[in-house]
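Some notes on the structure that comes next.
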Amino acid sequence: MAAGFSDLTPGTEIIVLTWLHHADRDVLRVHPRGDVRNPETGVFSTRSPDRPNPVGLHLVTVIDTAPGRIRVRPLEAVDGTPVIDIKPVLRAGERRY
């Protein structure tokens, strides 16, 4: 995979897609942030990892790269969460293909 991200440099904004492997895929309603004081809400209007298709979407900035590694910040995921794709952030009128 290193050849695929060799052009990423510190300061580059990317979108990291993850598979939220600890998610409960049968949940459709949650208390946001796991706080029972919050009213129960449908998962598609929350950032709950518990959802039928547990794909995480993370807007991050590249902090550093090393052979075979990319350091980013901020990333809201538990250690060991599988990364399923990385996409560049494109601004209006920008093209990369």
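Note on naming: chains are A, B, ... as they come in the structure tokens, residues start from 1 per chain, ligands start from 1 in the order shown.
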> Can you list, as a ChimeraX atom specification, every protein, DNA or RNA residue that comes within 9 Å of Arg71 in chain A when you count only C-alpha atoms, leaving out same-chain residues fewer than 3 positions away?
Replying inline: /A:10,61-66
Mind writing the picked residues with C-alpha atoms as an mmCIF file, in the first residue's frame?
data_model
loop_
_atom_site.group_PDB
_atom_site.id
_atom_site.type_symbol
_atom_site.label_atom_id
_atom_site.label_comp_id
_atom_site.auth_asym_id
_atom_site.auth_seq_id
_atom_site.Cartn_x
_atom_site.Cartn_y
_atom_site.Cartn_z
ATOM 1 C CA PRO A 10 2.355 16.706 6.082
ATOM 2 C CA THR A 61 -4.686 15.970 8.409
ATOM 3 C CA VAL A 62 -1.453 14.141 7.622
ATOM 4 C CA ILE A 63 1.066 14.905 10.378
ATOM 5 C CA ASP A 64 3.985 12.762 9.184
ATOM 6 C CA THR A 65 4.819 9.876 6.886
ATOM 7 C CA ALA A 66 7.371 7.103 7.234
#
>> When DSSP is applied to the backbone of this structure, which of chain A are assigned strand (DSSP E or B)? Write them out as an MDAnalysis selection string.
In response: chainID A and resid 13:19 29:30 41:42 55:66 69:73 83:88
> Near Leu57 in chain A, within 9 Å and counting only C-alpha atoms, which residues show up once chain neighbours fewer than 5 positions away are dropped, as a PyMOL selection string?
Replying inline: chain A and resi 15-18
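Nearest to Val60 in chain A of all the residues A:Glu76, A:Asp7, A:Glu40, A:Glu13 is A:Glu13, counting only C-alpha atoms.
With CA of Pro88 in chain A on one side and CA of Ile14 in chain A on the other, the separation reads 4.5 Å.
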>> To test your reading of the structure, identify every residue in chain A that backbone DSSP assigns to helix (DSSP H, G or I), and report it as a PyMOL selection string.
In response: chain A and resi 2-5+32-34+43-45
Please save N, CA and C atoms of the selected residues as a PDB file, in the first residue's frame.
ATOM      1  N   ALA A   2       2.106   1.167   0.422  1.00  0.00           N
ATOM      2  CA  ALA A   2       2.949   2.358   0.558  1.00  0.00           C
ATOM      3  C   ALA A   2       3.044   3.153  -0.743  1.00  0.00           C
ATOM      4  N   ALA A   3       3.102   2.485  -1.877  1.00  0.00           N
ATOM      5  CA  ALA A   3       3.180   3.199  -3.158  1.00  0.00           C
ATOM      6  C   ALA A   3       1.928   4.037  -3.396  1.00  0.00           C
ATOM      7  N   GLY A   4       0.797   3.610  -2.855  1.00  0.00           N
ATOM      8  CA  GLY A   4      -0.458   4.318  -3.038  1.00  0.00           C
ATOM      9  C   GLY A   4      -0.554   5.608  -2.244  1.00  0.00           C
ATOM     10  N   PHE A   5       0.204   5.719  -1.151  1.00  0.00           N
ATOM     11  CA  PHE A   5       0.146   6.952  -0.367  1.00  0.00           C
ATOM     12  C   PHE A   5       1.485   7.689  -0.319  1.00  0.00           C
ATOM     13  N   PRO A  32     -27.291   9.314  22.131  1.00  0.00           N
ATOM     14  CA  PRO A  32     -26.050   9.919  21.640  1.00  0.00           C
ATOM     15  C   PRO A  32     -24.958   9.983  22.700  1.00  0.00           C
ATOM     16  N   ARG A  33     -23.755   9.630  22.272  1.00  0.00           N
ATOM     17  CA  ARG A  33     -22.555   9.582  23.117  1.00  0.00           C
ATOM     18  C   ARG A  33     -22.699   8.592  24.269  1.00  0.00           C
ATOM     19  N   GLY A  34     -23.668   7.664  24.168  1.00  0.00           N
ATOM     20  CA  GLY A  34     -23.861   6.660  25.201  1.00  0.00           C
ATOM     21  C   GLY A  34     -24.410   7.211  26.501  1.00  0.00           C
ATOM     22  N   VAL A  43     -29.759   6.019  14.590  1.00  0.00           N
ATOM     23  CA  VAL A  43     -28.308   6.005  14.392  1.00  0.00           C
ATOM     24  C   VAL A  43     -27.849   6.846  13.207  1.00  0.00           C
ATOM     25  N   PHE A  44     -28.699   7.030  12.200  1.00  0.00           N
ATOM     26  CA  PHE A  44     -28.263   7.771  11.016  1.00  0.00           C
ATOM     27  C   PHE A  44     -28.201   9.277  11.256  1.00  0.00           C
ATOM     28  N   SER A  45     -28.680   9.734  12.415  1.00  0.00           N
ATOM     29  CA  SER A  45     -28.536  11.150  12.753  1.00  0.00           C
ATOM     30  C   SER A  45     -27.557  11.321  13.917  1.00  0.00           C
TER      31      SER A  45
END
> Nearest to Leu59 in chain A among A:Asp35, A:Thr41, A:Thr81, A:Lys87, with distances taken over only C-alpha atoms: which residue is it?
Replying inline: A:Lys87
>> Please report the interatomic distance between CA of Ala23 in chain A and CA of Pro49 in chain A in Å with one decimal.
In response: 5.5 Å
>> Report, in Å with one decimal, the straight-line distance from CA of His22 in chain A to CA of His58 in chain A.
In response: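 Spanning CA of His22 in chain A to CA of His58 in chain A is a straight-line distance of 16.7 Å.
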